>>> print(open('data-v9.cif').read())   # mmCIF, C-alpha atoms
data_target
#
loop_
_atom_site.label_atom_id
_atom_site.label_comp_id
_atom_site.auth_asym_id
_atom_site.auth_seq_id
_atom_site.Cartn_x
_atom_site.Cartn_y
_atom_site.Cartn_z
CA MET A 907 -45.05 3.54 23.95
CA SER A 908 -46.51 2.66 27.34
CA VAL A 909 -43.55 0.57 28.40
CA LYS A 910 -40.16 2.20 28.41
CA GLU A 911 -37.69 0.22 26.32
CA LYS A 912 -34.41 -0.77 27.90
CA ARG A 913 -31.57 1.20 26.34
CA ILE A 914 -29.05 -0.85 24.40
CA PRO A 915 -25.48 -0.33 25.71
CA ARG A 916 -23.09 1.18 23.17
CA VAL A 917 -19.44 0.18 22.75
CA LEU A 918 -16.66 1.88 20.81
CA SER A 919 -14.23 -0.88 19.85
CA ILE A 920 -10.84 0.11 18.43
CA GLN A 921 -8.56 -2.74 17.40
CA SER A 922 -7.40 -4.79 14.43
CA HIS A 923 -9.56 -6.25 11.67
CA VAL A 924 -9.00 -9.27 9.43
CA VAL A 925 -10.96 -10.40 6.38
CA HIS A 926 -10.44 -14.08 7.23
CA GLY A 927 -10.60 -15.49 10.73
CA PHE A 928 -11.65 -14.18 14.13
CA VAL A 929 -9.19 -11.84 15.82
CA GLY A 930 -9.48 -8.23 16.95
CA ASN A 931 -12.69 -6.46 15.98
CA LYS A 932 -13.82 -9.42 13.85
CA CYS A 933 -14.01 -11.43 17.07
CA ALA A 934 -15.14 -8.73 19.53
CA THR A 935 -17.97 -7.43 17.34
CA PHE A 936 -19.55 -10.86 16.96
CA ILE A 937 -19.43 -11.50 20.71
CA LEU A 938 -20.77 -8.10 21.74
CA GLN A 939 -23.56 -8.03 19.17
CA LEU A 940 -24.56 -11.55 20.17
CA TYR A 941 -24.95 -10.23 23.72
CA SER A 942 -27.10 -7.31 22.50
CA PHE A 943 -24.55 -4.49 22.48
CA GLU A 944 -24.46 -1.84 19.79
CA VAL A 945 -20.88 -1.74 18.55
CA ASP A 946 -19.15 1.11 16.70
CA VAL A 947 -15.93 -0.18 15.16
CA ILE A 948 -12.66 1.53 14.28
CA ASN A 949 -10.07 -0.76 12.69
CA SER A 950 -6.45 -0.03 13.58
CA VAL A 951 -5.36 -2.31 10.74
CA HIS A 952 -7.26 -3.94 7.87
CA TYR A 953 -5.47 -7.18 6.98
CA SER A 954 -6.25 -10.18 4.80
CA ASN A 955 -5.61 -12.46 7.79
CA HIS A 956 -3.74 -12.43 11.09
CA THR A 957 0.05 -12.22 11.15
CA GLY A 958 0.52 -15.91 11.95
CA TYR A 959 0.06 -16.67 8.26
CA LYS A 960 3.04 -16.71 5.91
CA VAL A 961 1.57 -13.88 3.83
CA VAL A 962 -0.25 -10.83 5.21
CA LYS A 963 -1.63 -8.07 2.99
CA GLY A 964 -3.54 -4.95 3.92
CA SER A 965 -3.21 -1.50 5.40
CA ARG A 966 -2.71 0.32 8.69
CA LEU A 967 -4.81 3.19 10.00
CA SER A 968 -2.86 6.46 10.07
CA VAL A 969 -3.02 9.06 12.82
CA ASP A 970 -4.71 11.54 10.47
CA GLU A 971 -7.33 8.96 9.43
CA LEU A 972 -8.08 8.09 13.06
CA ARG A 973 -8.47 11.72 14.02
CA ALA A 974 -10.73 12.35 11.01
CA ILE A 975 -13.00 9.45 12.04
CA PHE A 976 -13.31 10.86 15.56
CA GLN A 977 -14.05 14.32 14.20
CA GLY A 978 -16.77 12.93 11.93
CA LEU A 979 -18.47 11.18 14.84
CA ILE A 980 -18.33 14.36 16.91
CA ALA A 981 -19.63 16.57 14.10
CA ASN A 982 -22.67 14.33 13.67
CA GLU A 983 -23.24 14.12 17.44
CA ILE A 984 -22.93 10.32 17.47
CA PHE A 985 -19.97 10.16 19.84
CA GLU A 986 -21.65 8.87 23.00
CA TYR A 987 -20.80 5.51 24.49
CA ASP A 988 -21.13 3.38 27.60
CA TYR A 989 -17.94 1.40 27.06
CA ILE A 990 -14.66 1.79 25.20
CA LEU A 991 -12.67 -1.29 24.20
CA THR A 992 -9.17 -1.12 22.73
CA GLY A 993 -6.85 -3.85 21.50
CA TYR A 994 -3.99 -3.94 19.00
CA MET A 995 -2.77 -0.50 17.94
CA GLY A 996 0.72 -0.86 16.52
CA SER A 997 2.07 2.62 17.22
CA GLY A 998 2.43 5.03 20.09
CA GLU A 999 1.07 7.81 17.91
CA LEU A 1000 -2.28 6.05 17.51
CA LEU A 1001 -2.46 5.46 21.26
CA ALA A 1002 -1.84 9.16 21.90
CA VAL A 1003 -4.83 10.11 19.72
CA ILE A 1004 -6.99 7.46 21.35
CA ALA A 1005 -6.10 8.80 24.79
CA GLU A 1006 -7.13 12.29 23.71
CA TYR A 1007 -10.61 11.15 22.66
CA VAL A 1008 -11.08 8.75 25.56
CA ARG A 1009 -10.57 11.76 27.85
CA LEU A 1010 -13.17 13.66 25.84
CA ILE A 1011 -15.74 10.86 26.05
CA LYS A 1012 -15.18 10.43 29.79
CA SER A 1013 -15.35 14.17 30.44
CA LYS A 1014 -18.83 14.28 28.90
CA SER A 1015 -20.00 10.93 30.33
CA PRO A 1016 -18.24 10.00 33.60
CA HIS A 1017 -20.11 6.68 33.72
CA VAL A 1018 -18.19 5.35 30.69
CA LYS A 1019 -15.94 2.38 31.42
CA TYR A 1020 -12.75 1.85 29.43
CA LEU A 1021 -11.46 -1.71 29.01
CA CYS A 1022 -7.91 -1.77 27.63
CA ASP A 1023 -6.35 -4.95 26.32
CA PRO A 1024 -2.71 -3.78 26.04
CA VAL A 1025 -1.70 -5.90 23.07
CA ILE A 1026 2.07 -5.78 23.34
CA GLY A 1027 3.16 -9.36 22.73
CA ASP A 1028 3.13 -12.93 24.00
CA ASN A 1029 5.48 -15.81 24.80
CA GLY A 1030 8.48 -13.48 24.96
CA LYS A 1031 7.82 -11.86 21.57
CA LEU A 1032 6.90 -8.20 21.07
CA TYR A 1033 4.18 -7.31 18.56
CA VAL A 1034 4.75 -3.55 18.85
CA ASP A 1035 7.63 -1.10 19.22
CA GLN A 1036 8.81 0.50 22.45
CA SER A 1037 6.79 3.67 21.83
CA CYS A 1038 3.58 1.68 22.41
CA ILE A 1039 4.80 0.36 25.75
CA GLU A 1040 5.75 3.81 26.97
CA MET A 1041 2.45 5.28 25.81
CA TYR A 1042 0.51 2.57 27.61
CA LYS A 1043 2.43 3.22 30.81
CA SER A 1044 2.27 7.01 30.78
CA VAL A 1045 -1.01 7.85 29.04
CA ILE A 1046 -3.38 4.90 28.49
CA LEU A 1047 -3.27 3.04 31.82
CA PRO A 1048 -4.22 6.13 33.87
CA LEU A 1049 -7.43 6.31 31.79
CA ALA A 1050 -8.32 2.61 31.90
CA ASP A 1051 -10.86 1.11 34.29
CA ILE A 1052 -10.12 -2.52 33.40
CA VAL A 1053 -6.96 -3.94 31.84
CA THR A 1054 -6.43 -7.50 30.61
CA PRO A 1055 -2.69 -8.10 30.01
CA ASN A 1056 -1.18 -11.54 29.60
CA ASP A 1057 1.87 -12.39 31.72
CA PHE A 1058 4.37 -11.13 29.14
CA GLU A 1059 2.51 -7.84 28.71
CA LEU A 1060 2.33 -7.42 32.48
CA GLU A 1061 6.09 -7.82 32.68
CA GLN A 1062 6.63 -5.28 29.91
CA LEU A 1063 4.43 -2.73 31.68
CA VAL A 1064 5.87 -3.11 35.19
CA GLY A 1065 8.95 -5.32 34.78
CA SER A 1066 11.40 -2.59 35.74
CA GLN A 1067 9.59 -2.19 39.05
CA VAL A 1068 9.55 -5.87 39.98
CA LYS A 1069 12.58 -7.92 40.97
CA SER A 1070 12.78 -11.66 41.39
CA ASN A 1071 15.64 -14.07 42.07
CA SER A 1072 13.68 -16.96 40.61
CA ASP A 1073 13.26 -18.17 37.04
CA ARG A 1074 9.72 -19.24 37.87
CA TYR A 1075 6.76 -16.88 37.76
CA GLU A 1076 6.17 -17.05 41.50
CA GLU A 1077 2.91 -15.91 43.06
CA GLN A 1078 4.70 -13.18 44.98
CA VAL A 1079 6.11 -11.68 41.78
CA LEU A 1080 2.69 -11.84 40.15
CA TRP A 1081 1.03 -10.01 43.04
CA GLN A 1082 3.80 -7.41 43.14
CA SER A 1083 3.31 -6.81 39.42
CA ILE A 1084 -0.44 -6.40 39.83
CA GLN A 1085 0.05 -3.93 42.67
CA SER A 1086 2.50 -1.95 40.55
CA LEU A 1087 0.02 -1.85 37.68
CA HIS A 1088 -2.74 -0.66 40.01
CA LYS A 1089 -0.55 2.31 40.93
CA MET A 1090 -0.53 3.33 37.26
CA GLY A 1091 -4.29 3.87 37.31
CA PRO A 1092 -6.49 0.86 36.48
CA THR A 1093 -9.11 -0.12 39.04
CA HIS A 1094 -9.48 -3.71 37.83
CA ILE A 1095 -6.66 -5.93 36.54
CA ILE A 1096 -7.17 -9.36 35.02
CA VAL A 1097 -4.08 -11.33 33.99
CA SER A 1098 -5.59 -13.13 31.02
CA SER A 1099 -3.01 -15.92 30.76
CA ILE A 1100 0.32 -17.21 32.06
CA SER A 1101 2.51 -19.20 29.68
CA ALA A 1102 2.93 -22.90 30.33
CA ALA A 1103 6.71 -22.48 30.35
CA LYS A 1104 6.52 -20.23 33.42
CA LEU A 1105 4.38 -22.83 35.14
CA GLY A 1106 6.92 -25.55 34.46
CA GLY A 1107 5.46 -26.79 31.17
CA LYS A 1108 7.70 -28.69 28.75
CA GLU A 1109 8.41 -27.48 25.25
CA ASP A 1110 6.56 -30.33 23.57
CA THR A 1111 3.41 -29.64 25.55
CA LEU A 1112 3.39 -26.00 24.44
CA GLN A 1113 2.57 -26.98 20.85
CA ILE A 1114 -0.74 -28.61 21.83
CA GLY A 1115 -3.88 -26.51 21.65
CA CYS A 1116 -2.52 -23.36 20.04
CA PHE A 1117 -5.14 -20.78 19.05
CA THR A 1118 -5.31 -17.23 17.74
CA GLY A 1119 -7.71 -14.56 18.96
CA THR A 1120 -8.20 -15.90 22.48
CA GLY A 1121 -7.08 -12.62 24.07
CA ASP A 1122 -9.48 -10.61 21.91
CA LEU A 1123 -12.29 -13.05 22.73
CA PHE A 1124 -11.52 -12.85 26.45
CA SER A 1125 -11.54 -9.03 26.63
CA ALA A 1126 -14.87 -8.84 24.75
CA LEU A 1127 -16.39 -11.46 27.05
CA ILE A 1128 -15.16 -9.61 30.14
CA LEU A 1129 -16.74 -6.37 28.94
CA ALA A 1130 -20.05 -8.07 28.16
CA TRP A 1131 -20.30 -9.99 31.41
CA PHE A 1132 -19.04 -7.13 33.56
CA HIS A 1133 -21.94 -5.11 32.18
CA LYS A 1134 -24.43 -7.92 32.78
CA GLU A 1135 -23.23 -9.13 36.19
CA LYS A 1136 -21.96 -5.83 37.66
CA ASN A 1137 -19.33 -7.96 39.37
CA LEU A 1138 -15.79 -8.68 38.18
CA ILE A 1139 -15.55 -12.14 39.76
CA SER A 1140 -18.77 -13.29 38.13
CA ALA A 1141 -17.64 -11.74 34.84
CA CYS A 1142 -14.40 -13.73 34.99
CA GLU A 1143 -16.22 -16.97 35.79
CA LYS A 1144 -18.58 -16.52 32.85
CA SER A 1145 -15.85 -15.38 30.46
CA ILE A 1146 -13.45 -18.23 31.20
CA SER A 1147 -16.28 -20.76 30.98
CA VAL A 1148 -17.41 -19.49 27.57
CA LEU A 1149 -13.83 -19.27 26.30
CA HIS A 1150 -13.24 -22.86 27.41
CA GLN A 1151 -16.26 -24.07 25.46
CA VAL A 1152 -15.20 -22.16 22.34
CA LEU A 1153 -11.77 -23.80 22.51
CA LEU A 1154 -13.31 -27.25 22.92
CA LYS A 1155 -15.49 -26.67 19.86
CA THR A 1156 -12.47 -25.39 17.91
CA ILE A 1157 -10.45 -28.49 18.81
CA GLU A 1158 -13.37 -30.72 17.87
CA LEU A 1159 -13.73 -29.19 14.42
CA CYS A 1160 -10.08 -28.56 13.53
CA ASP A 1161 -9.17 -31.92 11.99
CA SER A 1162 -6.63 -30.43 9.60
CA ILE A 1163 -3.88 -27.83 9.78
CA ASN A 1164 -3.48 -24.95 7.34
CA ILE A 1165 0.20 -25.07 6.35
CA HIS A 1166 0.15 -21.31 5.71
CA ASN A 1167 -0.93 -20.60 9.31
CA THR A 1168 2.02 -21.03 11.66
CA CYS A 1169 0.32 -19.52 14.69
CA GLY A 1170 -2.50 -21.84 15.68
CA ASN A 1171 -6.11 -22.66 14.90
CA GLU A 1172 -8.75 -20.10 13.92
CA LEU A 1173 -11.50 -19.91 16.55
CA LYS A 1174 -14.79 -21.57 15.60
CA LEU A 1175 -17.01 -18.76 16.89
CA ILE A 1176 -20.01 -19.30 14.63
CA GLU A 1177 -20.13 -22.99 15.52
CA SER A 1178 -19.93 -22.01 19.21
CA LYS A 1179 -22.89 -19.61 19.06
CA THR A 1180 -25.19 -21.77 21.18
CA ALA A 1181 -22.60 -22.21 23.93
CA ILE A 1182 -21.75 -18.49 23.90
CA GLU A 1183 -25.41 -17.56 24.31
CA ALA A 1184 -26.06 -20.16 27.01
CA ALA A 1185 -22.94 -19.10 28.93
CA GLU A 1186 -23.02 -21.99 31.37
CA THR A 1187 -20.70 -21.35 34.32
CA LEU A 1188 -18.16 -24.19 34.41
CA PHE A 1189 -15.48 -22.60 36.57
CA HIS A 1190 -15.66 -20.76 39.87
CA ALA A 1191 -13.21 -18.28 41.36
CA VAL A 1192 -11.29 -19.11 44.52
CA ILE A 1193 -10.27 -16.34 46.90
CA ILE A 1194 -6.60 -16.76 47.80
CA ASP A 1195 -4.49 -15.29 50.58
CA THR A 1196 -3.76 -11.70 49.61
CA ASN A 1197 -1.20 -11.42 52.42
CA ILE A 1198 1.30 -12.77 49.92
CA VAL A 1199 1.79 -9.22 48.67
CA GLN A 1200 2.95 -7.98 52.07
#
>>> encode(input="data-v9.cif", output="structure tokens")
Amino acid sequence: MSVKEKRIPRVLSIQSHVVHGFVGNKCATFILQLYSFEVDVINSVHYSNHTGYKVVKGSRLSVDELRAIFQGLIANEIFEYDYILTGYMGSGELLAVIAEYVRLIKSKSPHVKYLCDPVIGDNGKLYVDQSCIEMYKSVILPLADIVTPNDFELEQLVGSQVKSNSDRYEEQVLWQSIQSLHKMGPTHIIVSSISAAKLGGKEDTLQIGCFTGTGDLFSALILAWFHKEKNLISACEKSISVLHQVLLKTIELCDSINIHNTCGNELKLIESKTAIEAAETLFHAVIIDTNIVQ
């Protein structure tokens, strides 16, 4: 060919999978492929649906199965990536194996960026056991280039290092937490959400606009737009704008509630395809006074 084709970026995405709905890899794969990424997928769990439903059936990936998958990729010399994305794991043992192979990938290809969404919990509730938290702190975070914790996950990762005399999630505490997390290794930290309760929201307002998969959607969007924009601020502006439009479409189309789903509406990703591709920037970042951390 006379014109050199642009190489398609490759992503290794390791997180949960559901048959119904859009969380974990089911969500991330759609977003990344829509933005022209080649995505290799490893499912940490294979469930019928997300755990907000009354009944969940399926299986979990074992440590031996995960290691065998990695070894198969290596044996066939198809273990080269530009990005690594991880989400829900469920056990510290899985995280230890992932860390081992992330090191291997990065040792062979120093340009590889690792985006870690440390799925630990939300709204004061843990999704994983303590072994996961310790493994994130001691092994995973030193390898990560970008991390996207929510406020609860941030507290779990650095809470013992941050002290506050206030019940409110003050800006000073937030900045102290981010600085503490930086010291663990990550270059870029994005706090994906702060609960309404910590911002003074009332209990009745917290039940409005509840969704599942928003964290998984956000981390996939950040990876995609960080690659495209080469700038974290621009990536955040694009990602939040697209996420906002997906939520608006989901609200518009969710005129009924599934009584078996106690954890919010399923994202309407397919119906949002046009908005995701257009990626109109609706929100712009504001630089605040960083002296607050002093």
>>> closest_residue(input="data-v9.cif", among="A:Ser1037, A:Asn1029, A:Thr992, A:Ser968", to="Ile1100 in chain A", atoms="all atoms listed in the file")
A:Asn1029
>>> residues_around(input="data-v9.cif", residues="Leu1049 in chain A", least_positions_apart="6", cutoff="10 Å", atoms="all atoms listed in the file", output="ChimeraX atom specification")
/A:1005,1008-1009,1012,1019-1022,1042,1090-1093
>>> closest_residue(input="data-v9.cif", among="A:His923, A:Ala1002, A:Ile1046, A:Tyr994", to="Leu1032 in chain A", atoms="only C-alpha atoms")
A:Tyr994
>>> closest_residue(input="data-v9.cif", among="A:Thr1054, A:Asn931, A:Ser1178, A:Ser1044", to="Pro1024 in chain A", atoms="only C-alpha atoms")
A:Thr1054
>>> closest_residue(input="data-v9.cif", among="A:Ile1052, A:Ile1095, A:Ile1039, A:Ala1126", to="Leu940 in chain A", atoms="all atoms listed in the file")
A:Ala1126
>>> residues_around(input="data-v9.cif", residues="Leu979 in chain A", least_positions_apart="5", cutoff="12 Å", atoms="all atoms listed in the file", output="JSON, numbers by chain")
{"A": [918, 946, 947, 948, 972, 973, 974, 984, 985, 986, 987, 1007, 1011]}
>>> atom_distance(input="data-v9.cif", atom1="CA of Ala1185 in chain A", atom2="CA of Asp1122 in chain A")
17.4 Å
>>> atom_distance(input="data-v9.cif", atom1="CA of Lys1144 in chain A", atom2="CA of Pro1048 in chain A")
26.8 Å
>>> resolve_selection(input="data-v9.cif", expression="the PyMOL selection byres ((chain A and resi 1155) around 10)", output="PDB file with C-alpha atoms, in the frame of the given file")
ATOM      1  CA  LEU A1149     -13.830 -19.270  26.300  1.00  0.00           C
ATOM      2  CA  HIS A1150     -13.240 -22.860  27.410  1.00  0.00           C
ATOM      3  CA  GLN A1151     -16.260 -24.070  25.460  1.00  0.00           C
ATOM      4  CA  VAL A1152     -15.200 -22.160  22.340  1.00  0.00           C
ATOM      5  CA  LEU A1153     -11.770 -23.800  22.510  1.00  0.00           C
ATOM      6  CA  LEU A1154     -13.310 -27.250  22.920  1.00  0.00           C
ATOM      7  CA  THR A1156     -12.470 -25.390  17.910  1.00  0.00           C
ATOM      8  CA  ILE A1157     -10.450 -28.490  18.810  1.00  0.00           C
ATOM      9  CA  GLU A1158     -13.370 -30.720  17.870  1.00  0.00           C
ATOM     10  CA  LEU A1159     -13.730 -29.190  14.420  1.00  0.00           C
ATOM     11  CA  CYS A1160     -10.080 -28.560  13.530  1.00  0.00           C
ATOM     12  CA  LEU A1173     -11.500 -19.910  16.550  1.00  0.00           C
ATOM     13  CA  LYS A1174     -14.790 -21.570  15.600  1.00  0.00           C
ATOM     14  CA  LEU A1175     -17.010 -18.760  16.890  1.00  0.00           C
ATOM     15  CA  GLU A1177     -20.130 -22.990  15.520  1.00  0.00           C
ATOM     16  CA  SER A1178     -19.930 -22.010  19.210  1.00  0.00           C
ATOM     17  CA  ALA A1181     -22.600 -22.210  23.930  1.00  0.00           C
TER      18      ALA A1181
END
>>> resolve_selection(input="data-v9.cif", expression="the PyMOL selection byres ((chain A and resi 1061) around 12)", output="JSON, numbers by chain")
{"A": [1024, 1026, 1027, 1028, 1029, 1030, 1031, 1032, 1039, 1043, 1055, 1056, 1057, 1058, 1059, 1060, 1062, 1063, 1064, 1065, 1066, 1067, 1068, 1069, 1070, 1075, 1079, 1080, 1081, 1082, 1083, 1084, 1086, 1087, 1097, 1100]}
>>> resolve_selection(input="data-v9.cif", expression="the PyMOL selection byres ((chain A and resi 1038) around 9)", output="list in words")
Met995, Gly996, Ser997, Gly998, Glu999, Leu1000, Leu1001, Ile1026, Val1034, Asp1035, Gln1036, Ser1037, Ile1039, Glu1040, Met1041, Tyr1042 and Lys1043 of chain A
>>> atom_distance(input="data-v9.cif", atom1="CA of Thr1180 in chain A", atom2="CA of Leu938 in chain A")
14.4 Å
